[in-house]
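S.K.: What follows is coords.cif; its format and atoms are mmCIF, C-alpha atoms.
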data_work
#
loop_
_atom_site.label_atom_id
_atom_site.label_comp_id
_atom_site.auth_asym_id
_atom_site.auth_seq_id
_atom_site.Cartn_x
_atom_site.Cartn_y
_atom_site.Cartn_z
CA MET A 30 71.81 -100.49 243.03
CA LYS A 31 73.68 -103.33 241.37
CA LYS A 32 77.41 -103.50 242.03
CA TYR A 33 79.61 -102.89 239.00
CA SER A 34 83.22 -103.86 238.40
CA PHE A 35 86.12 -101.43 238.39
CA TYR A 36 86.29 -101.81 234.59
CA ILE A 37 82.71 -100.56 234.14
CA TRP A 38 83.33 -97.60 236.46
CA PHE A 39 86.49 -96.86 234.50
CA LEU A 40 84.58 -96.88 231.20
CA PHE A 41 81.98 -94.47 232.56
CA ILE A 42 84.28 -92.06 234.40
CA ALA A 43 87.48 -92.10 232.33
CA LEU A 44 86.08 -92.42 228.81
CA SER A 45 83.18 -90.02 229.41
CA SER A 46 85.61 -87.49 230.91
CA LEU A 47 87.83 -87.88 227.86
CA GLY A 48 84.77 -87.19 225.69
CA VAL A 49 84.00 -84.01 227.64
CA PHE A 50 87.61 -82.91 227.26
CA LEU A 51 87.71 -83.53 223.51
CA PHE A 52 84.29 -82.17 222.53
CA ILE A 53 83.32 -79.61 225.17
CA LEU A 54 86.30 -78.22 227.12
CA PRO A 55 87.33 -74.86 225.59
CA ILE A 56 91.03 -74.17 225.10
CA GLY A 57 92.51 -70.76 224.33
CA THR A 58 94.72 -70.70 221.20
CA GLU A 59 96.35 -68.08 219.00
CA ASN A 60 93.26 -68.28 216.78
CA GLY A 61 90.74 -67.93 219.59
CA ILE A 62 88.84 -70.43 221.74
CA LYS A 63 88.65 -73.97 220.33
CA VAL A 64 87.80 -77.44 221.59
CA PRO A 65 90.44 -80.20 221.29
CA ILE A 66 88.48 -82.09 218.62
CA ALA A 67 88.65 -78.99 216.40
CA LEU A 68 92.38 -78.69 217.03
CA LEU A 69 92.87 -82.34 216.04
CA ALA A 70 90.83 -81.78 212.88
CA SER A 71 92.84 -78.67 212.00
CA ALA A 72 96.11 -80.56 212.51
CA LEU A 73 94.95 -83.40 210.26
CA ALA A 74 93.69 -80.90 207.66
CA GLY A 75 97.19 -79.41 207.52
CA VAL A 76 98.74 -82.84 206.94
CA VAL A 77 96.33 -83.86 204.16
CA GLU A 78 96.23 -80.43 202.48
CA PRO A 79 98.45 -81.43 199.49
CA PHE A 80 96.06 -84.18 198.35
CA ILE A 81 92.71 -83.50 200.06
CA GLN A 82 91.03 -82.13 196.92
CA TRP A 83 91.75 -85.31 194.97
CA PHE A 84 90.70 -87.47 197.90
CA THR A 85 87.44 -85.50 198.06
CA LEU A 86 86.79 -86.02 194.35
CA ILE A 87 87.50 -89.76 194.64
CA VAL A 88 85.06 -90.08 197.58
CA PHE A 89 82.39 -88.22 195.59
CA ILE A 90 82.93 -90.54 192.60
CA ILE A 91 82.64 -93.61 194.84
CA ALA A 92 79.43 -92.22 196.39
CA ALA A 93 77.87 -91.51 192.98
CA LEU A 94 78.94 -94.79 191.35
CA GLY A 95 77.86 -96.84 194.35
CA SER A 96 74.41 -95.24 194.31
CA LEU A 97 74.04 -95.79 190.54
CA ILE A 98 75.09 -99.43 190.89
CA THR A 99 72.41 -100.04 193.53
CA LYS A 100 69.82 -98.91 190.96
CA VAL A 101 70.94 -101.79 188.72
CA PHE A 102 71.13 -104.46 191.41
CA PRO A 103 67.99 -104.58 193.60
CA LYS A 104 68.27 -105.18 197.34
CA ARG A 105 68.02 -108.81 198.44
CA GLU A 106 64.92 -109.53 200.51
CA GLY A 107 65.58 -109.54 204.25
CA SER A 108 69.18 -108.32 204.04
CA TYR A 109 70.58 -104.92 204.96
CA THR A 110 74.33 -104.60 204.60
CA LEU A 111 76.83 -101.78 205.12
CA TRP A 112 76.70 -101.28 201.35
CA ASP A 113 72.93 -100.73 201.55
CA SER A 114 73.20 -98.22 204.40
CA ILE A 115 75.77 -96.14 202.51
CA PHE A 116 74.75 -96.40 198.86
CA ARG A 117 71.08 -97.41 198.69
CA VAL A 118 69.37 -94.01 198.38
CA ASN A 119 66.53 -92.78 196.18
CA TRP A 120 67.01 -91.11 192.79
CA PHE A 121 66.97 -87.59 194.22
CA TRP A 122 69.95 -88.21 196.50
CA THR A 123 71.70 -90.19 193.76
CA ILE A 124 71.47 -87.13 191.47
CA VAL A 125 72.74 -84.94 194.32
CA ARG A 126 75.80 -87.21 194.61
CA VAL A 127 76.41 -87.06 190.86
CA LEU A 128 76.20 -83.25 190.94
CA ALA A 129 78.80 -83.22 193.74
CA VAL A 130 81.19 -85.03 191.39
CA VAL A 131 80.47 -82.55 188.59
CA PHE A 132 80.90 -79.45 190.79
CA ALA A 133 84.07 -80.75 192.43
CA ALA A 134 85.62 -81.79 189.12
CA MET A 135 84.87 -78.38 187.58
CA TYR A 136 86.69 -76.58 190.39
CA ILE A 137 89.63 -78.95 190.79
CA LEU A 138 90.25 -79.35 187.05
CA ASP A 139 89.31 -75.71 186.31
CA PHE A 140 86.70 -76.09 183.60
CA GLY A 141 83.03 -75.23 183.13
CA PRO A 142 80.99 -72.13 183.99
CA SER A 143 82.71 -69.57 186.22
CA PRO A 144 79.76 -69.33 188.67
CA ILE A 145 80.47 -72.95 189.65
CA ASN A 146 84.27 -73.03 189.77
CA SER A 147 84.62 -69.55 191.27
CA ASP A 148 86.66 -69.11 194.45
CA ASN A 149 83.50 -67.62 195.99
CA THR A 150 81.35 -70.69 195.32
CA ALA A 151 82.97 -74.13 194.96
CA GLY A 152 86.25 -72.57 196.10
CA ILE A 153 84.80 -71.79 199.53
CA LEU A 154 84.04 -75.49 199.88
CA LEU A 155 87.08 -77.10 198.26
CA ASP A 156 89.97 -74.80 199.10
CA PRO A 157 92.61 -77.24 200.44
CA ALA A 158 93.74 -74.70 203.05
CA GLY A 159 90.41 -74.31 204.82
CA GLY A 160 87.51 -75.12 202.50
CA LEU A 161 84.41 -76.26 204.34
CA VAL A 162 84.02 -79.65 202.60
CA THR A 163 87.71 -80.49 202.70
CA TYR A 164 87.80 -79.62 206.41
CA MET A 165 84.69 -81.76 206.98
CA PHE A 166 86.68 -84.87 206.06
CA SER A 167 88.97 -84.17 209.00
CA ILE A 168 86.27 -83.28 211.53
CA PHE A 169 84.15 -86.27 210.44
CA PHE A 170 87.14 -88.58 210.89
CA PHE A 171 87.59 -87.64 214.54
CA ALA A 172 83.91 -87.08 215.29
CA GLY A 173 82.93 -90.45 213.85
CA LEU A 174 85.59 -92.32 215.80
CA LEU A 175 85.34 -90.38 219.07
CA LEU A 176 81.65 -89.47 219.43
CA PRO A 177 81.06 -92.78 221.26
CA LEU A 178 83.00 -91.26 224.17
CA LEU A 179 80.05 -88.89 224.66
CA THR A 180 77.25 -91.25 223.71
CA ASP A 181 78.16 -94.84 224.60
CA PHE A 182 79.63 -94.81 228.10
CA GLY A 183 76.91 -93.20 230.19
CA LEU A 184 77.55 -89.44 230.06
CA LEU A 185 74.23 -88.55 228.41
CA ASP A 186 72.35 -90.99 230.61
CA PHE A 187 73.92 -89.51 233.75
CA PHE A 188 73.09 -85.90 232.95
CA GLY A 189 69.76 -86.75 231.33
CA SER A 190 68.10 -87.56 234.63
CA MET A 191 69.32 -84.35 236.27
CA MET A 192 68.45 -82.02 233.39
CA VAL A 193 65.04 -83.41 232.46
CA LYS A 194 63.18 -81.06 234.83
CA ILE A 195 64.70 -78.11 232.97
CA MET A 196 64.86 -79.26 229.35
CA ARG A 197 61.47 -81.03 229.16
CA PRO A 198 59.11 -78.30 230.45
CA LEU A 199 60.98 -75.38 228.89
CA PHE A 200 62.07 -76.78 225.54
CA LYS A 201 60.06 -80.04 225.20
CA ILE A 202 63.20 -82.15 224.73
CA PRO A 203 64.96 -84.81 226.85
CA GLY A 204 67.39 -83.88 229.60
CA ARG A 205 70.26 -85.60 227.77
CA ALA A 206 69.97 -82.95 225.05
CA ALA A 207 71.78 -80.56 227.40
CA ILE A 208 75.07 -82.19 226.36
CA ASP A 209 74.22 -81.69 222.65
CA CYS A 210 73.59 -78.02 223.34
CA LEU A 211 76.81 -77.59 225.29
CA ALA A 212 78.88 -79.34 222.61
CA SER A 213 77.49 -76.95 219.98
CA PHE A 214 77.84 -73.85 222.14
CA VAL A 215 81.50 -74.41 223.02
CA GLY A 216 82.62 -76.54 220.09
CA ASP A 217 80.72 -76.30 216.84
CA GLY A 218 77.18 -76.60 215.50
CA THR A 219 78.23 -79.50 213.26
CA ILE A 220 79.30 -81.52 216.31
CA GLY A 221 75.86 -80.91 217.83
CA VAL A 222 74.13 -82.11 214.65
CA LEU A 223 76.24 -85.27 214.45
CA LEU A 224 75.59 -86.01 218.11
CA THR A 225 71.85 -85.44 217.67
CA ASN A 226 71.71 -87.66 214.58
CA ARG A 227 73.46 -90.49 216.42
CA GLN A 228 71.04 -90.21 219.34
CA TYR A 229 68.10 -90.26 216.90
CA GLU A 230 69.38 -93.36 215.12
CA GLU A 231 69.81 -95.08 218.47
CA ASN A 232 66.18 -94.29 219.42
CA ASN A 233 67.05 -91.93 222.26
CA TYR A 234 65.22 -89.01 220.59
CA THR A 235 61.89 -89.01 218.78
CA ALA A 236 61.66 -87.40 215.34
CA ARG A 237 60.21 -84.22 216.84
CA GLU A 238 62.88 -84.03 219.54
CA ALA A 239 65.74 -84.67 217.12
CA ALA A 240 64.45 -82.06 214.65
CA THR A 241 64.04 -79.55 217.49
CA ILE A 242 67.52 -80.10 218.91
CA ALA A 243 69.26 -79.99 215.52
CA THR A 244 67.58 -76.75 214.40
CA THR A 245 67.28 -74.96 217.75
CA PHE A 246 70.26 -76.00 219.85
CA SER A 247 73.05 -76.68 217.32
CA VAL A 248 74.09 -73.12 217.97
CA VAL A 249 76.95 -71.16 216.49
CA SER A 250 80.24 -71.56 218.35
CA ILE A 251 81.94 -68.70 220.16
CA THR A 252 84.85 -68.93 217.71
CA PHE A 253 82.63 -68.38 214.66
CA CYS A 254 80.89 -65.47 216.41
CA ILE A 255 84.28 -63.78 216.72
CA VAL A 256 84.78 -64.23 212.96
CA VAL A 257 81.37 -62.62 212.31
CA VAL A 258 82.05 -59.50 214.40
CA GLU A 259 85.50 -59.07 212.86
CA THR A 260 84.09 -59.39 209.34
CA ILE A 261 81.45 -56.70 209.90
CA HIS A 262 83.72 -54.50 212.06
CA ILE A 263 81.87 -54.41 215.39
CA GLU A 264 84.61 -55.95 217.56
CA GLN A 265 84.12 -53.24 220.20
CA TYR A 266 80.53 -54.43 220.72
CA PHE A 267 81.29 -58.16 221.08
CA LEU A 268 79.90 -58.56 224.60
CA GLN A 269 76.67 -56.74 223.68
CA PHE A 270 76.47 -58.76 220.46
CA TYR A 271 76.97 -62.12 222.16
CA GLY A 272 74.61 -61.28 225.00
CA THR A 273 71.91 -60.40 222.47
CA VAL A 274 72.56 -63.66 220.57
CA ILE A 275 72.09 -65.67 223.78
CA LEU A 276 68.90 -63.77 224.68
CA ALA A 277 67.34 -64.24 221.22
CA THR A 278 68.43 -67.89 221.04
CA ILE A 279 66.79 -68.72 224.38
CA ILE A 280 63.54 -66.98 223.38
CA LEU A 281 63.56 -68.85 220.06
CA ALA A 282 64.24 -72.14 221.87
CA LEU A 283 61.12 -71.56 223.96
CA ILE A 284 58.96 -70.75 220.91
CA MET A 285 60.16 -72.95 218.02
CA PRO A 286 59.30 -76.41 219.49
CA ARG A 287 55.71 -75.22 220.04
CA ILE A 288 54.95 -74.05 216.48
CA TYR A 289 54.99 -75.42 212.93
CA PRO A 290 56.93 -77.21 211.50
CA LEU A 291 58.68 -78.66 214.56
CA SER A 292 55.47 -79.16 216.54
CA LYS A 293 54.06 -81.28 213.72
CA LYS A 294 56.96 -83.74 213.57
CA SER A 295 56.16 -87.28 214.65
CA ASP A 296 56.71 -88.15 218.31
CA THR A 297 58.03 -91.59 217.41
CA PHE A 298 61.54 -93.00 217.45
CA TYR A 299 63.65 -93.83 214.41
CA ASN A 300 62.44 -97.44 214.63
CA GLY A 301 58.81 -96.26 214.44
CA GLN A 302 57.95 -97.01 218.05
CA ALA A 303 56.36 -94.45 220.38
CA PRO A 304 58.04 -93.45 223.67
CA THR A 305 56.55 -94.82 226.88
CA ALA A 306 55.24 -92.69 229.72
CA GLU A 307 57.98 -94.17 231.96
CA ARG A 308 60.74 -93.05 229.62
CA GLU A 309 62.25 -90.32 231.83
CA LYS A 310 60.54 -91.15 235.11
CA ILE A 311 62.86 -91.64 238.09
CA ALA A 312 62.51 -95.15 239.47
CA GLU A 313 61.26 -95.62 243.00
CA GLY A 314 64.02 -95.56 245.60
CA PHE A 315 66.29 -93.30 243.52
CA ASN A 316 66.94 -89.58 243.38
CA VAL A 317 67.98 -87.73 240.23
CA PHE A 318 71.70 -88.30 240.94
CA SER A 319 71.56 -91.98 241.87
CA PHE A 320 69.15 -92.78 239.02
CA GLY A 321 71.40 -91.00 236.53
CA LEU A 322 74.39 -92.93 237.88
CA LYS A 323 72.49 -96.23 237.57
CA ASN A 324 71.56 -95.48 233.95
CA ALA A 325 75.12 -94.42 233.15
CA LEU A 326 76.69 -97.60 234.51
CA GLU A 327 74.13 -99.76 232.70
CA LYS A 328 75.04 -97.97 229.45
CA ALA A 329 78.76 -98.45 230.06
CA GLU A 330 78.19 -102.16 230.73
CA GLU A 331 76.26 -102.48 227.46
CA ASN A 332 79.27 -101.10 225.60
CA LYS A 333 82.13 -102.81 227.44
CA ASN A 334 83.29 -104.50 224.23
CA LEU A 335 85.56 -101.73 222.92
CA GLY A 336 86.22 -103.62 219.69
CA LYS A 337 82.58 -103.20 218.67
CA ILE A 338 82.74 -99.49 219.54
CA VAL A 339 85.81 -99.00 217.32
CA PHE A 340 84.09 -100.86 214.44
CA SER A 341 80.93 -98.78 214.89
CA GLY A 342 83.00 -95.58 214.92
CA SER A 343 84.81 -96.56 211.73
CA LYS A 344 81.47 -97.27 210.07
CA ASN A 345 80.28 -93.81 211.18
CA VAL A 346 83.29 -92.18 209.51
CA LEU A 347 82.63 -94.01 206.25
CA GLU A 348 78.94 -93.05 206.27
CA MET A 349 79.73 -89.40 207.01
CA TRP A 350 82.30 -89.17 204.23
CA ILE A 351 80.18 -90.87 201.58
CA ALA A 352 76.64 -89.85 202.56
CA ILE A 353 77.03 -86.35 203.98
CA THR A 354 79.91 -84.53 202.24
CA PRO A 355 78.46 -84.84 198.68
CA ILE A 356 75.18 -83.32 199.91
CA ILE A 357 76.97 -80.38 201.53
CA MET A 358 78.96 -79.91 198.31
CA THR A 359 75.90 -79.83 196.05
CA PHE A 360 73.50 -77.75 198.15
CA ALA A 361 76.12 -75.29 199.31
CA THR A 362 77.48 -74.73 195.79
CA ILE A 363 74.00 -74.03 194.41
CA ALA A 364 73.15 -71.73 197.32
CA LEU A 365 76.42 -69.82 197.01
CA MET A 366 75.93 -69.45 193.24
CA LEU A 367 72.49 -67.95 193.82
CA ALA A 368 73.88 -65.61 196.46
CA GLU A 369 76.97 -64.55 194.51
CA PHE A 370 75.76 -64.32 190.93
CA THR A 371 72.03 -63.63 191.09
CA SER A 372 69.63 -61.32 192.88
CA PHE A 373 67.62 -64.27 194.19
CA PHE A 374 68.25 -63.76 197.91
CA ARG A 375 68.18 -59.97 197.63
CA ILE A 376 64.73 -60.14 196.02
CA LEU A 377 63.55 -62.47 198.79
CA GLY A 378 64.86 -59.94 201.31
CA MET A 379 62.94 -56.97 199.85
CA PRO A 380 59.77 -57.56 201.93
CA PHE A 381 61.87 -56.97 205.05
CA GLU A 382 62.69 -53.37 204.08
CA PRO A 383 59.42 -51.81 205.33
CA ILE A 384 59.66 -53.90 208.52
CA LEU A 385 63.18 -52.66 209.23
CA ALA A 386 62.17 -49.11 208.38
CA LEU A 387 59.25 -49.39 210.81
CA LEU A 388 61.69 -50.57 213.48
CA GLN A 389 63.85 -47.53 212.68
CA ILE A 390 66.91 -49.49 211.56
CA PRO A 391 69.22 -47.05 209.69
CA GLU A 392 69.94 -47.91 206.04
CA ALA A 393 67.01 -50.33 206.10
CA GLY A 394 67.22 -51.04 202.36
CA GLU A 395 70.80 -52.28 202.57
CA ALA A 396 70.08 -54.26 205.74
CA ALA A 397 67.00 -55.92 204.20
CA GLN A 398 69.14 -57.42 201.42
CA THR A 399 71.06 -59.44 204.01
CA MET A 400 68.07 -60.98 205.78
CA ILE A 401 67.65 -64.07 203.56
CA VAL A 402 71.14 -64.46 202.09
CA GLY A 403 72.27 -66.07 205.35
CA PHE A 404 70.37 -69.21 204.33
CA ALA A 405 73.18 -69.82 201.84
CA ASP A 406 76.03 -69.06 204.22
CA MET A 407 76.03 -67.42 207.65
CA LEU A 408 79.02 -65.20 206.91
CA LEU A 409 77.49 -63.67 203.77
CA PRO A 410 75.26 -61.13 205.62
CA SER A 411 78.33 -59.80 207.45
CA VAL A 412 80.34 -59.65 204.23
CA LEU A 413 77.56 -57.75 202.44
CA GLY A 414 76.91 -55.49 205.44
CA ALA A 415 80.54 -54.61 206.16
CA GLY A 416 80.32 -51.42 204.08
CA ILE A 417 77.25 -50.00 205.85
CA GLU A 418 78.10 -46.85 207.80
CA SER A 419 75.77 -47.25 210.77
CA ASP A 420 77.25 -49.21 213.70
CA MET A 421 73.72 -50.01 214.83
CA THR A 422 72.78 -51.53 211.48
CA ARG A 423 75.96 -53.59 211.29
CA PHE A 424 75.32 -54.81 214.85
CA PHE A 425 71.73 -55.69 213.86
CA ILE A 426 72.79 -57.61 210.74
CA ALA A 427 75.51 -59.60 212.52
CA THR A 428 73.25 -60.56 215.44
CA VAL A 429 70.30 -61.62 213.29
CA SER A 430 72.58 -63.69 211.02
CA VAL A 431 73.84 -65.72 213.98
CA THR A 432 70.39 -66.29 215.53
CA GLN A 433 69.05 -67.53 212.15
CA LEU A 434 71.17 -70.65 212.76
CA ILE A 435 70.28 -72.62 209.59
CA TYR A 436 72.62 -72.17 206.64
CA LEU A 437 73.14 -74.58 203.77
CA SER A 438 76.90 -74.25 203.48
CA GLU A 439 77.35 -76.05 206.80
CA VAL A 440 74.68 -76.92 209.39
CA GLY A 441 71.80 -77.02 206.88
CA GLY A 442 73.70 -79.15 204.37
CA LEU A 443 74.85 -81.43 207.17
CA ILE A 444 71.27 -81.91 208.45
CA LEU A 445 70.10 -82.84 204.94
CA GLY A 446 72.87 -85.43 204.73
CA THR A 447 71.91 -87.18 207.98
CA ARG A 448 68.85 -89.27 208.81
CA LEU A 449 67.29 -86.45 210.79
CA PRO A 450 63.60 -85.97 209.83
CA LEU A 451 64.07 -82.59 208.14
CA LYS A 452 63.72 -81.66 204.48
CA LEU A 453 64.98 -78.58 202.61
CA TRP A 454 61.54 -76.94 202.85
CA ASP A 455 61.46 -77.52 206.62
CA LEU A 456 64.85 -75.85 206.98
CA PHE A 457 63.81 -72.80 204.95
CA ILE A 458 60.58 -72.37 206.93
CA ILE A 459 62.47 -72.70 210.23
CA PHE A 460 65.09 -70.21 208.98
CA LEU A 461 62.36 -67.75 207.96
CA ILE A 462 60.47 -68.03 211.26
CA ARG A 463 63.65 -67.62 213.26
CA THR A 464 64.45 -64.50 211.21
CA ILE A 465 61.00 -62.96 211.74
CA ILE A 466 61.07 -63.58 215.50
CA SER A 467 64.69 -62.43 215.88
CA ILE A 468 64.25 -59.10 214.09
CA PRO A 469 62.16 -57.24 216.73
CA ILE A 470 64.19 -58.74 219.60
CA VAL A 471 67.53 -57.68 218.13
CA ALA A 472 66.13 -54.28 217.01
CA ALA A 473 64.90 -53.56 220.55
CA VAL A 474 68.29 -54.37 222.07
CA ALA A 475 70.10 -52.42 219.34
CA HIS A 476 68.05 -49.30 220.15
CA MET A 477 68.99 -49.66 223.83
CA ILE A 478 72.71 -49.93 222.99
CA PHE A 479 73.01 -47.27 220.31
#
Give the structure from the file, written as structure tokens.
M.R.:
Amino acid sequence: MKKYSFYIWFLFIALSSLGVFLFILPIGTENGIKVPIALLASALAGVVEPFIQWFTLIVFIIAALGSLITKVFPKREGSYTLWDSIFRVNWFWTIVRVLAVVFAAMYILDFGPSPINSDNTAGILLDPAGGLVTYMFSIFFFAGLLLPLLTDFGLLDFFGSMMVKIMRPLFKIPGRAAIDCLASFVGDGTIGVLLTNRQYEENNYTAREAATIATTFSVVSITFCIVVVETIHIEQYFLQFYGTVILATIILALIMPRIYPLSKKSDTFYNGQAPTAEREKIAEGFNVFSFGLKNALEKAEENKNLGKIVFSGSKNVLEMWIAITPIIMTFATIALMLAEFTSFFRILGMPFEPILALLQIPEAGEAAQTMIVGFADMLLPSVLGAGIESDMTRFFIATVSVTQLIYLSEVGGLILGTRLPLKLWDLFIIFLIRTIISIPIVAAVAHMIF
């Protein structure tokens, strides 16, 4: 193996270790287990709280105006600038950005229909003291700047070689995806999505692999699971709950990549090229460890210019703020309005009542109403199910809601805002299939516990 300088070894070992510490290492706090990147984001959110709503509105206005301006001035042939990457979107996404301005302005300035500016719709997203969208500005700031610690200095390349014999045959994804999964599991599903999107854009994942990882392995963090069980009052069953979540998630991870719609996604990279047969093959003369180390040091050497990494990270932050947050704002507001002020999701959940009754879930009618509402927001099923008397039914609702994984107020909205090859219809189908598969698994375990 080629000899590398101390500087390259330092980049690989020190900066990758710092990335693991920031994004993956769990730390116990007064508010439960968190990763350092989440603590940094929370600290920044507290500092910017007095003006974050206005900053959010200004960013939304810039996103909408920039997109409208690009419709007036056509793209110059052969050029692709930072402006193009941020603002040049089709009419659908331009309208989505305009709606984000309208929804945010209605809540911040307190005008318009109450279903929009309610504390239970736009308020959930724009509350300065913990609203999802306002918090996203903080997490995107640190994630955009610091994700290169995980992706650019060899960590994924090192573990990719060692994990490929597990991840590829079981889940049909690259070995390096193990780090994505771990970052989601310990940290947050949004971190997993951002990491997956970056890997897809850099042609490390094919469209099928990226879609699979984002919708199957960007799992709910331990911290949010604690919030779910506290909301629905099953704290005494947390270990049984979390064990069931892990069991169902693993079974789903084995099934989902092999069926529609994930199985039908293109096996080509973001640049349109197809992967080679040698892509993950260990070179002759190497073992899994030495080959992973070789790949890691090569990656670190490619990115030894830290100035370029900082510039790339700053560009990531700008793209996340302008391209992703308006989408989350629009889709999540509409979904929460449907959930809060209409019977839309409850009607969609009605077909599940006979299924739950057949599985002998107590209060099946009430439980069925929560089966689809989680597509809007993962906490809604637990909020709606908190008043159900049966411990078994509340356990069932909470566990299914977490294994469903896709919800528009966070992970789903974030996926739609990235370049990942997933549309709204894909997300709903994946959500529905995950729900259908999860129900008998969770019901079986629930009957063994209760």
S.K.: Give as a list in words the residues that the PyMOL selection byres ((chain A and resi 115) around 10) matches when applied to the coordinates above.
M.R.: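 Selection result, ordered by chain and number: Ala92, Gly95, Ser96, Thr110, Leu111, Trp112, Asp113, Ser114, Phe116, Arg117, Val118, Lys344, Leu347, Glu348, Met349, Trp350, Ile351, Ala352 and Ile353 of chain A.
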S.K.: Written as a PyMOL selection string, which residues does the PyMOL selection byres ((chain A and resi 125) around 10) give for the file shown?
M.R.: chain A and resi 93+120-124+126-131+355-360
S.K.: Any idea what the distance is between CA of Met192 (chain A) and CA of Thr225 (chain A)?
M.R.: 16.4 Å
S.K.: Give me, as a tab-separated table, the closest atom pair and its distance (Å, one decimal) for every residue of region 351-370 of chain A within a cut-off of 8 Å of region 394-406 of chain A, counting only C-alpha atoms, rows sorted by chain and rising number.
M.R.:
residue	atom	partner	partner_atom	distance
A:Ala361	CA	A:Ala405	CA	6.7
A:Ala364	CA	A:Ala405	CA	4.9
A:Leu365	CA	A:Ala405	CA	5.8
A:Ala368	CA	A:Val402	CA	6.4
S.K.: Convert the output of the PyMOL selection byres ((chain A and resi 68) around 12) on the shown file into explicit residues, formatted as a PyMOL selection string.
M.R.: chain A and resi 51-52+54-67+69-75+164+167-168+171+216-217
S.K.: Residues of the last selection are to be written out with C-alpha atoms, as a PDB file, keeping the file's coordinate frame.
M.R.:
ATOM      1  CA  LEU A  51      87.710 -83.530 223.510  1.00  0.00           C
ATOM      2  CA  PHE A  52      84.290 -82.170 222.530  1.00  0.00           C
ATOM      3  CA  LEU A  54      86.300 -78.220 227.120  1.00  0.00           C
ATOM      4  CA  PRO A  55      87.330 -74.860 225.590  1.00  0.00           C
ATOM      5  CA  ILE A  56      91.030 -74.170 225.100  1.00  0.00           C
ATOM      6  CA  GLY A  57      92.510 -70.760 224.330  1.00  0.00           C
ATOM      7  CA  THR A  58      94.720 -70.700 221.200  1.00  0.00           C
ATOM      8  CA  GLU A  59      96.350 -68.080 219.000  1.00  0.00           C
ATOM      9  CA  ASN A  60      93.260 -68.280 216.780  1.00  0.00           C
ATOM     10  CA  GLY A  61      90.740 -67.930 219.590  1.00  0.00           C
ATOM     11  CA  ILE A  62      88.840 -70.430 221.740  1.00  0.00           C
ATOM     12  CA  LYS A  63      88.650 -73.970 220.330  1.00  0.00           C
ATOM     13  CA  VAL A  64      87.800 -77.440 221.590  1.00  0.00           C
ATOM     14  CA  PRO A  65      90.440 -80.200 221.290  1.00  0.00           C
ATOM     15  CA  ILE A  66      88.480 -82.090 218.620  1.00  0.00           C
ATOM     16  CA  ALA A  67      88.650 -78.990 216.400  1.00  0.00           C
ATOM     17  CA  LEU A  69      92.870 -82.340 216.040  1.00  0.00           C
ATOM     18  CA  ALA A  70      90.830 -81.780 212.880  1.00  0.00           C
ATOM     19  CA  SER A  71      92.840 -78.670 212.000  1.00  0.00           C
ATOM     20  CA  ALA A  72      96.110 -80.560 212.510  1.00  0.00           C
ATOM     21  CA  LEU A  73      94.950 -83.400 210.260  1.00  0.00           C
ATOM     22  CA  ALA A  74      93.690 -80.900 207.660  1.00  0.00           C
ATOM     23  CA  GLY A  75      97.190 -79.410 207.520  1.00  0.00           C
ATOM     24  CA  TYR A 164      87.800 -79.620 206.410  1.00  0.00           C
ATOM     25  CA  SER A 167      88.970 -84.170 209.000  1.00  0.00           C
ATOM     26  CA  ILE A 168      86.270 -83.280 211.530  1.00  0.00           C
ATOM     27  CA  PHE A 171      87.590 -87.640 214.540  1.00  0.00           C
ATOM     28  CA  GLY A 216      82.620 -76.540 220.090  1.00  0.00           C
ATOM     29  CA  ASP A 217      80.720 -76.300 216.840  1.00  0.00           C
TER      30      ASP A 217
END
S.K.: Determine the nearest neighbour of Phe41 (chain A) from the options A:Ile311, A:Leu276, A:Leu326, A:Ala243, counting only C-alpha atoms.
M.R.: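 Closest to Phe41 (chain A) of all the choices is A:Leu326.
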S.K.: Within 9 Å of Leu86 (chain A), counting all atoms listed in the file, which residues qualify if same-chain residues fewer than 2 places away don't, as JSON, numbers by chain?
M.R.: {"A": [81, 82, 83, 84, 88, 89, 90, 91, 129, 130, 133, 134, 137]}
S.K.: Can you tell me how far CA of Ile444 (chain A) sits from CA of Ala151 (chain A), in Å to one decimal?
M.R.: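 Between CA of Ile444 (chain A) and CA of Ala151 (chain A) the gap works out to 19.5 Å.
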S.K.: So that I can see what lies close to Glu331 (chain A), please list as a PyMOL selection string the residues with an atom at most 10 Å from it, counting all atoms listed in the file and leaving out residues fewer than 5 positions away in the same chain.
M.R.: chain A and resi 37+181-183+325-326
S.K.: With only C-alpha atoms as the basis for distance, which of A:Gly442, A:Pro469, A:Gly414, A:Pro450 is at the shortest distance from His262 (chain A)?
M.R.: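 The answer is A:Gly414, which sits nearest to His262 (chain A).
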S.K.: Of the residues A:Phe187, A:Lys194, A:Pro380, A:Ala236, which is the one nearest to Pro304 (chain A), using all atoms listed in the file?
M.R.: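 Closest candidate: A:Ala236.
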S.K.: Within 7 Å of (74.9, -89.9, 231.9), only C-alpha atoms: residues as a PyMOL selection string?
M.R.: chain A and resi 183-189+321-322+324-325
S.K.: Taking all atoms listed in the file into account, name the residue in A:Lys32, A:Arg463, A:Lys201, A:Arg105 that is nearest to Leu283 (chain A).
M.R.: A:Lys201
S.K.: Please measure the separation of CA of Phe320 (chain A) and CA of Pro203 (chain A), giving the value in Å to one decimal.
M.R.: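 Between CA of Phe320 (chain A) and CA of Pro203 (chain A) the gap works out to 15.1 Å.
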